[in-house]
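Novice: Quick one, run.txt (compact mmCIF, C-alpha atoms and all ligand atoms):
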# COMPACT_ATOMS: atom_id res chain seq x y z
CA MET A 1288 6.44 8.24 17.64
CA LYS A 1289 7.42 5.90 14.87
CA HIS A 1290 5.03 3.46 13.22
CA LEU A 1291 5.71 0.97 10.46
CA ILE A 1292 2.78 0.94 8.06
CA ASP A 1293 4.55 0.84 4.70
CA ILE A 1294 8.12 -0.20 3.90
CA LYS A 1295 8.62 3.35 2.55
CA ASP A 1296 8.28 4.60 6.14
CA LEU A 1297 11.85 3.38 6.61
CA SER A 1298 14.88 4.96 4.98
CA VAL A 1299 17.60 2.84 3.40
CA ASP A 1300 19.87 3.78 6.32
CA GLU A 1301 17.31 2.66 8.87
CA ILE A 1302 16.85 -0.65 7.07
CA ASP A 1303 20.60 -1.20 6.81
CA GLU A 1304 20.99 -0.43 10.51
CA MET A 1305 18.25 -2.91 11.43
CA ILE A 1306 19.82 -5.62 9.29
CA LYS A 1307 23.10 -4.97 11.10
CA VAL A 1308 21.39 -5.38 14.46
CA ALA A 1309 19.58 -8.53 13.27
CA LYS A 1310 22.88 -10.08 12.17
CA ASP A 1311 24.38 -9.21 15.55
CA ILE A 1312 21.43 -10.91 17.25
CA ILE A 1313 22.13 -14.06 15.23
CA ASN A 1314 25.75 -14.04 16.36
CA HIS A 1315 25.22 -12.93 19.96
CA PRO A 1316 21.68 -13.86 21.02
CA GLU A 1317 22.59 -13.72 24.72
CA LYS A 1318 23.29 -9.97 24.47
CA TYR A 1319 19.66 -9.39 23.57
CA SER A 1320 17.76 -11.86 25.72
CA HIS A 1321 16.73 -9.29 28.35
CA LYS A 1322 16.45 -6.15 26.23
CA CYS A 1323 12.66 -6.15 26.46
CA ASP A 1324 12.17 -7.29 30.05
CA ASN A 1325 8.90 -5.80 31.32
CA LYS A 1326 7.76 -4.84 27.83
CA ILE A 1327 4.57 -6.17 26.27
CA LEU A 1328 3.84 -6.75 22.61
CA ALA A 1329 0.17 -6.96 21.62
CA THR A 1330 -0.52 -9.08 18.55
CA LEU A 1331 -3.91 -8.07 17.18
CA PHE A 1332 -4.76 -10.43 14.38
CA PHE A 1333 -8.18 -9.48 13.05
CA GLU A 1334 -7.47 -12.10 10.40
CA PRO A 1335 -5.54 -15.27 11.16
CA SER A 1336 -1.97 -15.71 10.03
CA THR A 1337 -0.34 -18.20 12.32
CA ARG A 1338 3.08 -17.95 10.70
CA THR A 1339 3.40 -14.17 11.01
CA ARG A 1340 1.91 -14.08 14.50
CA LEU A 1341 4.24 -16.76 15.84
CA SER A 1342 7.21 -15.00 14.30
CA PHE A 1343 6.32 -11.77 16.13
CA GLU A 1344 5.59 -13.54 19.40
CA SER A 1345 8.78 -15.57 19.27
CA ALA A 1346 10.75 -12.39 18.47
CA MET A 1347 9.36 -10.60 21.52
CA MET A 1348 9.88 -13.58 23.82
CA ARG A 1349 13.49 -13.98 22.67
CA LEU A 1350 14.01 -10.37 23.72
CA GLY A 1351 12.68 -11.18 27.20
CA GLY A 1352 9.35 -9.46 26.60
CA LYS A 1353 5.81 -10.70 27.04
CA VAL A 1354 2.99 -11.11 24.57
CA LEU A 1355 -0.77 -10.80 24.61
CA GLY A 1356 -3.36 -10.59 21.89
CA PHE A 1357 -5.97 -12.33 19.85
CA SER A 1358 -6.40 -14.02 16.52
CA GLU A 1359 -9.83 -14.01 14.96
CA ALA A 1360 -10.63 -17.31 13.32
CA ASN A 1361 -13.36 -15.69 11.34
CA SER A 1362 -12.46 -12.45 9.63
CA SER A 1363 -16.08 -11.60 8.92
CA SER A 1364 -16.49 -10.82 12.62
CA VAL A 1365 -14.38 -7.72 11.93
CA SER A 1366 -17.25 -5.98 10.21
CA LYS A 1367 -19.59 -6.54 13.16
CA GLY A 1368 -17.07 -5.73 15.86
CA GLU A 1369 -15.64 -2.68 17.46
CA SER A 1370 -14.01 -0.07 15.22
CA VAL A 1371 -10.26 -0.25 14.71
CA SER A 1372 -9.72 3.11 16.36
CA ASP A 1373 -11.64 2.09 19.50
CA THR A 1374 -9.77 -1.20 19.82
CA ILE A 1375 -6.40 0.49 19.42
CA ARG A 1376 -7.16 3.18 21.98
CA VAL A 1377 -7.84 0.50 24.57
CA VAL A 1378 -5.00 -1.88 23.69
CA GLY A 1379 -2.53 1.01 23.88
CA TYR A 1380 -3.05 0.99 27.66
CA TYR A 1381 -2.27 -2.73 27.89
CA SER A 1382 0.90 -2.88 25.82
CA ASP A 1383 4.06 -1.05 24.75
CA ILE A 1384 3.90 -1.92 21.07
CA ILE A 1385 1.28 -3.40 18.75
CA ALA A 1386 1.62 -5.69 15.74
CA MET A 1387 -1.66 -5.86 13.86
CA ARG A 1388 -3.01 -7.74 10.90
CA HIS A 1389 -6.32 -6.79 9.39
CA PRO A 1390 -8.23 -7.90 6.29
CA LYS A 1391 -9.14 -4.31 5.38
CA GLU A 1392 -6.57 -2.24 3.53
CA GLY A 1393 -5.49 0.89 5.37
CA ALA A 1394 -6.62 -0.41 8.79
CA PRO A 1395 -3.11 -0.12 10.33
CA TYR A 1396 -2.92 3.47 9.12
CA VAL A 1397 -6.19 4.22 10.89
CA ALA A 1398 -4.77 2.47 13.96
CA SER A 1399 -1.58 4.54 13.89
CA SER A 1400 -3.59 7.76 13.85
CA ASN A 1401 -5.28 6.71 17.10
CA SER A 1402 -2.50 4.98 18.97
CA ILE A 1403 -0.37 6.00 21.93
CA VAL A 1404 2.09 3.17 21.22
CA PRO A 1405 3.98 2.22 18.03
CA ILE A 1406 2.01 0.20 15.46
CA ILE A 1407 3.58 -2.40 13.21
CA ASN A 1408 1.56 -3.41 10.18
CA ALA A 1409 1.64 -7.20 10.04
CA GLY A 1410 -0.34 -7.23 6.80
CA ASP A 1411 -3.47 -5.39 5.64
CA GLY A 1412 -5.41 -7.25 2.97
CA GLY A 1413 -3.66 -7.13 -0.38
CA HIS A 1414 -2.01 -3.85 0.48
CA ASN A 1415 1.15 -3.74 2.63
CA HIS A 1416 3.20 -6.24 4.57
CA PRO A 1417 6.39 -4.37 5.47
CA THR A 1418 7.85 -6.99 7.83
CA GLN A 1419 7.71 -9.52 5.00
CA THR A 1420 9.77 -7.11 2.93
CA LEU A 1421 12.22 -6.57 5.80
CA THR A 1422 12.49 -10.35 6.02
CA ASP A 1423 13.23 -10.52 2.29
CA LEU A 1424 15.90 -7.82 2.51
CA MET A 1425 17.47 -9.51 5.53
CA THR A 1426 17.54 -12.80 3.63
CA ILE A 1427 19.13 -11.27 0.54
CA SER A 1428 21.68 -9.35 2.59
CA SER A 1429 22.60 -12.44 4.61
CA GLU A 1430 22.74 -14.86 1.71
CA LYS A 1431 24.40 -12.60 -0.87
CA GLY A 1432 26.35 -10.32 1.45
CA HIS A 1433 25.03 -7.16 -0.20
CA LEU A 1434 21.83 -5.50 -1.39
CA ASP A 1435 23.20 -3.83 -4.51
CA ASP A 1436 24.45 -5.23 -7.86
CA LEU A 1437 21.79 -7.89 -8.13
CA THR A 1438 19.57 -9.29 -10.86
CA ILE A 1439 16.30 -10.29 -9.25
CA GLY A 1440 13.69 -12.49 -10.88
CA VAL A 1441 10.18 -12.25 -9.46
CA CYS A 1442 7.81 -14.95 -10.61
CA GLY A 1443 4.09 -15.64 -10.37
CA ASP A 1444 1.31 -13.24 -9.54
CA LEU A 1445 2.90 -9.86 -10.13
CA LYS A 1446 -0.45 -8.13 -10.51
CA PHE A 1447 -2.00 -8.71 -7.09
CA GLY A 1448 1.10 -9.85 -5.22
CA ARG A 1449 1.77 -7.23 -2.61
CA THR A 1450 5.01 -8.84 -1.43
CA VAL A 1451 6.38 -8.41 -4.92
CA HIS A 1452 5.33 -4.75 -5.22
CA SER A 1453 6.82 -4.01 -1.85
CA LEU A 1454 10.06 -5.87 -2.63
CA ILE A 1455 10.43 -3.99 -5.92
CA ASN A 1456 9.82 -0.74 -4.07
CA ALA A 1457 12.44 -1.50 -1.44
CA MET A 1458 15.11 -2.95 -3.76
CA SER A 1459 14.77 -0.12 -6.27
CA ARG A 1460 16.48 2.14 -3.75
CA TYR A 1461 19.74 0.18 -4.01
CA LYS A 1462 22.42 0.57 -6.68
CA ASN A 1463 22.64 -1.42 -9.88
CA ILE A 1464 19.54 -3.54 -9.46
CA LYS A 1465 17.87 -5.26 -12.41
CA PHE A 1466 14.52 -7.01 -12.38
CA VAL A 1467 13.19 -9.87 -14.46
CA LEU A 1468 9.40 -9.93 -14.26
CA ILE A 1469 8.12 -13.45 -14.89
CA SER A 1470 4.34 -13.84 -15.14
CA PRO A 1471 1.48 -14.90 -17.39
CA ASP A 1472 0.02 -11.99 -19.38
CA GLU A 1473 -3.01 -11.79 -17.07
CA LEU A 1474 -0.88 -11.30 -13.98
CA LYS A 1475 1.72 -8.80 -15.20
CA LEU A 1476 3.12 -6.09 -12.95
CA PRO A 1477 0.69 -3.11 -12.98
CA ASP A 1478 1.72 -0.07 -15.01
CA TYR A 1479 1.70 2.21 -12.00
CA VAL A 1480 4.41 0.15 -10.32
CA LYS A 1481 6.48 0.28 -13.49
CA SER A 1482 6.11 4.03 -13.92
CA ASN A 1483 6.12 5.12 -10.25
CA VAL A 1484 8.92 2.85 -9.11
CA LEU A 1485 10.99 1.19 -11.84
CA ASP A 1486 11.02 4.02 -14.37
CA LYS A 1487 11.35 6.67 -11.69
CA CYS A 1488 14.41 4.94 -10.21
CA LYS A 1489 15.76 4.20 -13.72
CA ILE A 1490 15.77 0.48 -13.00
CA LYS A 1491 16.24 -1.88 -15.94
CA TYR A 1492 13.64 -4.60 -16.19
CA TYR A 1493 12.70 -7.40 -18.55
CA GLU A 1494 9.30 -9.04 -18.88
CA THR A 1495 8.92 -12.67 -19.82
CA ASN A 1496 6.41 -15.54 -19.72
CA THR A 1497 8.92 -18.25 -18.86
CA ILE A 1498 11.21 -18.93 -15.94
CA GLU A 1499 13.89 -20.33 -18.24
CA GLU A 1500 14.49 -17.30 -20.48
CA TYR A 1501 16.52 -15.26 -18.02
CA LEU A 1502 17.18 -17.89 -15.34
CA PRO A 1503 20.95 -18.21 -16.04
CA LYS A 1504 21.37 -14.49 -15.31
CA LEU A 1505 19.52 -14.38 -11.98
CA ASP A 1506 21.11 -13.88 -8.56
CA ILE A 1507 17.74 -14.11 -6.81
CA LEU A 1508 14.62 -15.97 -7.86
CA TYR A 1509 11.61 -14.86 -5.85
CA MET A 1510 8.68 -17.22 -6.34
CA THR A 1511 5.12 -16.33 -5.29
CA ARG A 1512 1.87 -18.21 -5.23
CA VAL A 1513 -1.26 -17.28 -7.09
CA GLN A 1514 -3.78 -16.42 -4.41
CA LYS A 1515 -7.29 -17.73 -4.81
CA GLU A 1516 -8.93 -14.86 -2.94
CA ARG A 1517 -7.71 -12.36 -5.54
CA PHE A 1518 -9.75 -13.97 -8.29
CA PHE A 1519 -13.37 -13.39 -9.03
CA ASN A 1520 -13.80 -16.56 -11.02
CA GLU A 1521 -12.72 -20.09 -10.31
CA GLU A 1522 -11.76 -20.87 -13.92
CA ASP A 1523 -9.10 -18.17 -14.13
CA TYR A 1524 -7.64 -19.27 -10.82
CA LYS A 1525 -7.45 -22.93 -11.85
CA ARG A 1526 -5.84 -22.06 -15.15
CA LEU A 1527 -3.17 -19.80 -13.65
CA LYS A 1528 -2.33 -21.45 -10.34
CA ASP A 1529 0.00 -24.06 -11.80
CA TYR A 1530 1.38 -21.85 -14.56
CA TYR A 1531 4.87 -21.97 -13.05
CA ILE A 1532 6.38 -24.87 -11.23
CA LEU A 1533 10.04 -24.69 -10.31
CA THR A 1534 11.73 -28.10 -10.56
CA LYS A 1535 15.22 -29.53 -10.12
CA ASP A 1536 15.42 -29.98 -13.85
CA LYS A 1537 14.74 -26.32 -14.64
CA LEU A 1538 17.34 -25.23 -12.10
CA LYS A 1539 20.15 -26.96 -14.03
CA ILE A 1540 20.76 -23.80 -16.07
CA ALA A 1541 20.74 -21.46 -13.04
CA LYS A 1542 23.77 -19.94 -11.32
CA LYS A 1543 25.51 -22.00 -8.65
CA ASP A 1544 24.90 -19.27 -6.09
CA LEU A 1545 21.32 -18.47 -7.03
CA CYS A 1546 19.16 -17.70 -4.00
CA ILE A 1547 15.61 -19.10 -4.28
CA MET A 1548 13.08 -17.33 -2.10
CA HIS A 1549 9.35 -17.62 -1.39
CA PRO A 1550 7.24 -15.79 1.21
CA LEU A 1551 5.47 -19.10 2.11
CA PRO A 1552 3.15 -20.84 2.31
CA ARG A 1553 3.74 -22.37 -1.09
CA VAL A 1554 1.19 -24.33 -3.05
CA ASN A 1555 2.64 -26.06 -6.12
CA GLU A 1556 4.97 -23.43 -7.50
CA ILE A 1557 8.11 -25.00 -6.02
CA ALA A 1558 8.37 -28.79 -6.28
CA THR A 1559 9.36 -30.32 -2.95
CA GLU A 1560 12.35 -31.97 -4.67
CA VAL A 1561 13.89 -28.47 -4.81
CA ASP A 1562 13.92 -28.22 -0.99
CA SER A 1563 17.14 -30.22 -0.73
CA ASP A 1564 18.93 -27.99 -3.25
CA PRO A 1565 21.39 -25.76 -1.34
CA ARG A 1566 20.10 -22.79 -3.34
CA ALA A 1567 16.63 -23.13 -1.77
CA LYS A 1568 16.51 -20.48 0.98
CA TYR A 1569 12.80 -20.19 1.71
CA PHE A 1570 12.89 -21.97 5.04
CA GLU A 1571 15.90 -19.94 6.17
CA GLN A 1572 13.93 -16.91 5.04
CA ALA A 1573 11.29 -17.61 7.72
CA ASN A 1574 14.06 -17.88 10.30
CA TYR A 1575 15.59 -14.56 9.20
CA GLY A 1576 12.12 -13.08 9.63
CA ARG A 1577 12.21 -13.54 13.37
CA PHE A 1578 15.63 -11.87 13.73
CA ILE A 1579 14.67 -8.82 11.71
CA ARG A 1580 11.42 -8.56 13.71
CA MET A 1581 13.52 -8.56 16.88
CA ALA A 1582 15.63 -5.72 15.46
CA LEU A 1583 12.46 -3.88 14.45
CA ILE A 1584 10.88 -4.18 17.91
CA LEU A 1585 14.08 -2.81 19.48
CA LYS A 1586 14.14 0.08 17.05
CA MET A 1587 10.51 1.00 17.56
CA LEU A 1588 10.82 0.82 21.34
CA ASN A 1589 14.00 2.88 21.13
CA ILE A 1590 16.05 0.26 22.93
CA LYS A 1591 19.72 0.16 22.05
CA MET B 59 -22.70 37.33 -18.95
CA ASN B 60 -25.67 38.52 -17.01
CA ILE B 61 -25.00 38.71 -13.28
CA ASP B 62 -27.82 41.10 -12.52
CA SER B 63 -29.34 38.79 -9.99
CA ILE B 64 -26.18 38.63 -7.85
CA LYS B 65 -25.12 41.48 -5.61
CA ASN B 66 -22.47 39.89 -3.45
CA GLY B 67 -21.48 36.29 -4.03
CA PHE B 68 -20.15 33.90 -6.64
CA VAL B 69 -20.81 32.91 -10.19
CA ILE B 70 -19.36 29.50 -10.98
CA ASP B 71 -19.08 29.52 -14.74
CA HIS B 72 -17.97 27.15 -17.50
CA ILE B 73 -19.13 24.07 -15.64
CA ASP B 74 -19.32 21.03 -17.91
CA SER B 75 -22.90 20.44 -18.90
CA GLY B 76 -24.38 17.98 -16.39
CA LYS B 77 -21.90 18.67 -13.59
CA GLY B 78 -23.82 21.66 -12.21
CA MET B 79 -26.08 19.47 -10.10
CA ILE B 80 -23.14 17.40 -8.85
CA ILE B 81 -21.38 20.54 -7.63
CA TYR B 82 -24.65 21.79 -6.14
CA GLU B 83 -25.02 18.59 -4.15
CA LYS B 84 -21.40 18.23 -3.06
CA LEU B 85 -21.28 21.83 -1.85
CA GLU B 86 -24.62 21.28 -0.11
CA LEU B 87 -25.97 24.48 -1.61
CA ASN B 88 -29.49 23.34 -0.75
CA LYS B 89 -28.66 24.15 2.86
CA LEU B 90 -28.08 27.85 2.15
CA ASP B 91 -30.74 30.40 2.94
CA CYS B 92 -29.77 32.78 0.12
CA GLN B 93 -30.71 32.75 -3.54
CA VAL B 94 -29.01 30.05 -5.53
CA ALA B 95 -29.56 29.64 -9.26
CA ILE B 96 -28.49 26.75 -11.44
CA ILE B 97 -28.58 27.24 -15.15
CA THR B 98 -28.11 24.09 -17.16
CA ASN B 99 -27.24 23.71 -20.83
CA ALA B 100 -26.45 27.39 -21.34
CA LYS B 101 -24.75 28.23 -24.64
CA SER B 102 -20.96 28.30 -24.47
CA LYS B 103 -18.45 29.28 -27.13
CA LYS B 104 -15.79 27.05 -25.57
CA LYS B 105 -17.83 23.99 -24.65
CA GLY B 106 -21.01 24.18 -26.74
CA LYS B 107 -23.10 23.67 -23.61
CA LYS B 108 -22.30 24.57 -20.04
CA ASP B 109 -23.85 24.87 -16.60
CA ILE B 110 -23.66 27.93 -14.38
CA ILE B 111 -24.28 28.30 -10.65
CA LYS B 112 -25.00 31.64 -9.04
CA ILE B 113 -24.85 32.09 -5.29
CA ASP B 114 -26.07 35.37 -3.88
CA LYS B 115 -23.98 35.34 -0.72
CA LYS B 116 -20.30 35.47 0.26
CA ILE B 117 -20.21 31.94 1.62
CA ASP B 118 -17.09 29.99 2.52
CA LEU B 119 -16.89 28.34 -0.89
CA ASN B 120 -15.09 24.99 -1.05
CA ILE B 121 -12.98 25.71 -4.10
CA ASP B 122 -11.07 22.41 -3.86
CA THR B 123 -14.27 20.47 -4.32
CA ILE B 124 -15.19 22.46 -7.41
CA ALA B 125 -11.66 22.11 -8.79
CA PHE B 126 -11.75 18.37 -8.26
CA ILE B 127 -15.13 17.89 -9.96
CA ASN B 128 -14.55 20.37 -12.77
CA PRO B 129 -10.94 21.65 -13.01
CA ASP B 130 -11.66 24.00 -15.94
CA ALA B 131 -14.63 25.79 -14.38
CA THR B 132 -14.13 29.42 -13.43
CA ILE B 133 -15.22 31.16 -10.29
CA ASN B 134 -16.17 34.82 -10.45
CA VAL B 135 -16.30 36.72 -7.20
CA VAL B 136 -19.01 39.38 -7.27
CA GLU B 137 -19.11 42.42 -5.04
CA ASP B 138 -21.64 45.22 -5.45
CA ASP B 139 -22.85 43.83 -8.78
CA LYS B 140 -19.34 43.69 -10.23
CA ILE B 141 -16.94 40.87 -10.89
CA VAL B 142 -13.98 41.77 -8.70
CA GLU B 143 -11.99 38.56 -9.09
CA LYS B 144 -11.77 35.57 -11.39
CA LYS B 145 -10.35 32.57 -9.62
CA LYS B 146 -8.33 30.08 -11.66
CA LEU B 147 -8.70 26.56 -10.39
CA THR B 148 -5.85 24.19 -9.67
CA LEU B 149 -6.27 20.55 -8.75
CA PRO B 150 -6.24 20.22 -4.95
CA GLU B 151 -3.54 18.14 -3.23
CA THR B 152 -6.14 16.43 -1.07
CA ILE B 153 -9.89 16.12 -1.23
CA VAL B 154 -11.97 15.22 1.77
CA ASN B 155 -15.43 13.64 1.61
CA VAL B 156 -15.97 14.45 -2.05
CA ALA B 157 -15.39 11.02 -3.55
CA THR B 158 -15.82 7.56 -2.02
CA CYS B 159 -13.28 4.75 -2.19
CA LYS B 160 -14.54 1.99 -4.49
CA ASN B 161 -12.22 -0.71 -3.14
CA PRO B 162 -14.42 -3.19 -1.24
CA ARG B 163 -11.38 -4.25 0.82
CA CYS B 164 -10.70 -0.67 1.98
CA ILE B 165 -11.01 0.13 5.70
CA THR B 166 -13.29 3.06 4.78
CA SER B 167 -15.93 0.47 3.86
CA ILE B 168 -16.43 -0.57 7.50
CA GLU B 169 -14.80 1.88 9.93
CA ARG B 170 -17.23 4.40 11.45
CA ASP B 171 -16.74 8.16 11.11
CA LEU B 172 -13.76 7.95 8.84
CA ASP B 173 -13.27 10.82 6.39
CA GLN B 174 -12.92 9.79 2.75
CA VAL B 175 -9.56 11.30 1.89
CA PHE B 176 -7.87 11.21 -1.50
CA ILE B 177 -4.40 12.49 -2.31
CA LEU B 178 -3.18 13.74 -5.70
CA THR B 179 -0.28 11.36 -6.36
CA ASP B 180 0.32 12.02 -10.05
CA LYS B 181 -0.05 15.63 -11.17
CA GLU B 182 0.53 14.89 -14.83
CA LYS B 183 -2.11 12.20 -15.08
CA ASN B 184 -4.46 13.69 -12.43
CA ILE B 185 -4.47 10.51 -10.38
CA TYR B 186 -5.90 10.57 -6.89
CA ARG B 187 -5.30 7.71 -4.49
CA CYS B 188 -7.18 6.77 -1.34
CA LYS B 189 -5.20 7.84 1.72
CA TYR B 190 -5.90 4.49 3.38
CA CYS B 191 -5.70 1.74 0.76
CA GLU B 192 -3.99 3.70 -2.05
CA SER B 193 -6.50 2.56 -4.67
CA SER B 194 -6.75 5.04 -7.48
CA LEU B 195 -9.94 6.89 -8.13
CA LYS B 196 -11.67 6.00 -11.42
ZN ZN A 1601 -9.54 3.13 0.01
Would you give me this structure, written as structure tokens?

Specialist:
Amino acid sequence: MKHLIDIKDLSVDEIDEMIKVAKDIINHPEKYSHKCDNKILATLFFEPSTRTRLSFESAMMRLGGKVLGFSEANSSSVSKGESVSDTIRVVGYYSDIIAMRHPKEGAPYVASSNSIVPIINAGDGGHNHPTQTLTDLMTISSEKGHLDDLTIGVCGDLKFGRTVHSLINAMSRYKNIKFVLISPDELKLPDYVKSNVLDKCKIKYYETNTIEEYLPKLDILYMTRVQKERFFNEEDYKRLKDYYILTKDKLKIAKKDLCIMHPLPRVNEIATEVDSDPRAKYFEQANYGRFIRMALILKMLNIK
Amino acid sequence: MNIDSIKNGFVIDHIDSGKGMIIYEKLELNKLDCQVAIITNAKSKKKGKKDIIKIDKKIDLNIDTIAFINPDATINVVEDDKIVEKKKLTLPETIVNVATCKNPRCITSIERDLDQVFILTDKEKNIYRCKYCESSLK
């Protein structure tokens, strides 16, 4: 049985195939509207994330399937509650596939070792969030038409930002990719990501403190927020949270076909005036997320 | 080296000074019913000071644990008062319940009955990562 815990669980071919299916769903939604009749998706959100949960639930419903689950408003209840393995053993009887989010890192892996149905990791703490990465790849593929030959700028918290690590991991498997790593010194990409991924895949990368330095060269600009919960002291957070703000003015030097992405929710890092710029793709990105989740559910349930 | 006191068993030699007790505890040698000797701060040509553990029984020795704690220790297998084999240690691919994950956000911090598993992910730099959260040890 296949689970999706880490984006590396999927080969490039599998990802490409899923993107193909997702694009077909966009063009022919009616073909897919009964593919999951009589199937149930359980969404187990031990930590709330309305956006991700709704995306999964909408994906399943659009395939004709049904949804059940829970969303804990208070993540501290996790530590008092039932163990992950016990919960999963039970929910496996009630559903055909499980999407779970959990504040503890590695929880979906523990779940997958105890599950009789496929597990999709919908985010585990600061660790993995593979469906976000699939969403990002789907967005890039749809907006640029290809996943190779791209110069990708990633901006913001590159130290703790799991979406960035995962995106770098996934994109490093494609041909002729270059990265521009834009961050304050305190939030630079960790050395192990550089050595284990970028250097290993012989990917060229440039590090800079400013958005402007390499902006004219970028095909993709991936903005991220600085997350408060990753900081141990308030001062550091306050100092770094507004370090980068993307504005209309800055974008004047960027390519005409730049694709601006953001995993959302944003705080201040993209000024709302940018939303009307045709290069802003972060709302479309959320929409692509549902289609790739539909393709993923079909794949994991082995439905053609 | 004097192994007079051991007839059949193991002499774990060239342990870094101070790590003898750690190995003793991790291998739970206190639970054995045979003679076990720990010598600390013995003289060593190579290390200056070293610890030695002698176990007077052919137990099922967890070599991976010893290798993880002290990769350059040596294990002598003793049979009928003679050293019949010197085992060279190599870093184990996985270690189970030897080290604990220090990441407070790791699932091992709350889930019951979960083994603490670490995997050797970088052989050149000797880096072990938690099987669950992938945090590196140290
Ligand atoms: Zn861990």

Novice: Starting from the point (14.7, -16.2, -12.9), work out which residues of protein, DNA or RNA have an atom no more than 7 Å away when counting all atoms listed in the file; state them as a PyMOL selection string.

Specialist: chain A and resi 1440-1441+1467+1498-1499+1501-1502+1505+1508

Novice: Keeping only C-alpha atoms, write those residues as a tab-separated table (two decimals), in the coordinates of the input.

Specialist:
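Resulting contents of again-v3.tsv:
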chain	number	residue	atom	x	y	z
A	1440	GLY	CA	13.69	-12.49	-10.88
A	1441	VAL	CA	10.18	-12.25	-9.46
A	1467	VAL	CA	13.19	-9.87	-14.46
A	1498	ILE	CA	11.21	-18.93	-15.94
A	1499	GLU	CA	13.89	-20.33	-18.24
A	1501	TYR	CA	16.52	-15.26	-18.02
A	1502	LEU	CA	17.18	-17.89	-15.34
A	1505	LEU	CA	19.52	-14.38	-11.98
A	1508	LEU	CA	14.62	-15.97	-7.86

Novice: Compile a residue-level contact table for chain A against ligand ZN 1601 (chain A) at a cut-off of 10 Å, reporting for every qualifying residue the shortest atom pair and its distance in Å to one decimal, with all atoms listed in the file counted, rows ordered by chain and ascending number, as JSON lines.

Specialist:
{"residue": "A:Lys1391", "atom": "CA", "partner": "A:ZN1601", "partner_atom": "ZN", "distance": 9.2}
{"residue": "A:Glu1392", "atom": "CA", "partner": "A:ZN1601", "partner_atom": "ZN", "distance": 7.1}
{"residue": "A:Gly1393", "atom": "CA", "partner": "A:ZN1601", "partner_atom": "ZN", "distance": 7.1}
{"residue": "A:Ala1394", "atom": "CA", "partner": "A:ZN1601", "partner_atom": "ZN", "distance": 9.9}

Novice: Would you list the residues near (1.8, 1.2, 13.8) (no more than 7 Å away, in the coordinates of the file, using only C-alpha atoms) as a PyMOL selection string?

Specialist: chain A and resi 1290-1292+1385+1395+1398-1399+1405-1408

Novice: Near chain B, meaning an atom within 12 Å, which residues of chain A appear when counting all atoms listed in the file? Write them as a PDB file with C-alpha atoms, in the frame of the given file.

Specialist:
ATOM      1  CA  ILE A1292       2.780   0.940   8.060  1.00  0.00           C
ATOM      2  CA  ASP A1293       4.550   0.840   4.700  1.00  0.00           C
ATOM      3  CA  SER A1363     -16.080 -11.600   8.920  1.00  0.00           C
ATOM      4  CA  SER A1364     -16.490 -10.820  12.620  1.00  0.00           C
ATOM      5  CA  VAL A1365     -14.380  -7.720  11.930  1.00  0.00           C
ATOM      6  CA  SER A1366     -17.250  -5.980  10.210  1.00  0.00           C
ATOM      7  CA  LYS A1367     -19.590  -6.540  13.160  1.00  0.00           C
ATOM      8  CA  GLY A1368     -17.070  -5.730  15.860  1.00  0.00           C
ATOM      9  CA  GLU A1369     -15.640  -2.680  17.460  1.00  0.00           C
ATOM     10  CA  SER A1370     -14.010  -0.070  15.220  1.00  0.00           C
ATOM     11  CA  VAL A1371     -10.260  -0.250  14.710  1.00  0.00           C
ATOM     12  CA  SER A1372      -9.720   3.110  16.360  1.00  0.00           C
ATOM     13  CA  ASP A1373     -11.640   2.090  19.500  1.00  0.00           C
ATOM     14  CA  THR A1374      -9.770  -1.200  19.820  1.00  0.00           C
ATOM     15  CA  HIS A1389      -6.320  -6.790   9.390  1.00  0.00           C
ATOM     16  CA  PRO A1390      -8.230  -7.900   6.290  1.00  0.00           C
ATOM     17  CA  LYS A1391      -9.140  -4.310   5.380  1.00  0.00           C
ATOM     18  CA  GLU A1392      -6.570  -2.240   3.530  1.00  0.00           C
ATOM     19  CA  GLY A1393      -5.490   0.890   5.370  1.00  0.00           C
ATOM     20  CA  ALA A1394      -6.620  -0.410   8.790  1.00  0.00           C
ATOM     21  CA  PRO A1395      -3.110  -0.120  10.330  1.00  0.00           C
ATOM     22  CA  TYR A1396      -2.920   3.470   9.120  1.00  0.00           C
ATOM     23  CA  VAL A1397      -6.190   4.220  10.890  1.00  0.00           C
ATOM     24  CA  ALA A1398      -4.770   2.470  13.960  1.00  0.00           C
ATOM     25  CA  SER A1399      -1.580   4.540  13.890  1.00  0.00           C
ATOM     26  CA  SER A1400      -3.590   7.760  13.850  1.00  0.00           C
ATOM     27  CA  ASN A1401      -5.280   6.710  17.100  1.00  0.00           C
ATOM     28  CA  ASP A1411      -3.470  -5.390   5.640  1.00  0.00           C
ATOM     29  CA  GLY A1412      -5.410  -7.250   2.970  1.00  0.00           C
ATOM     30  CA  GLY A1413      -3.660  -7.130  -0.380  1.00  0.00           C
ATOM     31  CA  HIS A1414      -2.010  -3.850   0.480  1.00  0.00           C
ATOM     32  CA  ASN A1415       1.150  -3.740   2.630  1.00  0.00           C
ATOM     33  CA  TYR A1479       1.700   2.210 -12.000  1.00  0.00           C
ATOM     34  CA  SER A1482       6.110   4.030 -13.920  1.00  0.00           C
ATOM     35  CA  ASN A1483       6.120   5.120 -10.250  1.00  0.00           C
ATOM     36  CA  GLU A1516      -8.930 -14.860  -2.940  1.00  0.00           C
ATOM     37  CA  ARG A1517      -7.710 -12.360  -5.540  1.00  0.00           C
TER      38      ARG A1517
END

Novice: Separation of CA of Ile113 in chain B and CA of Asn184 in chain B, in Å?

Specialist: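 Here the two named atoms are 28.4 Å from each other.
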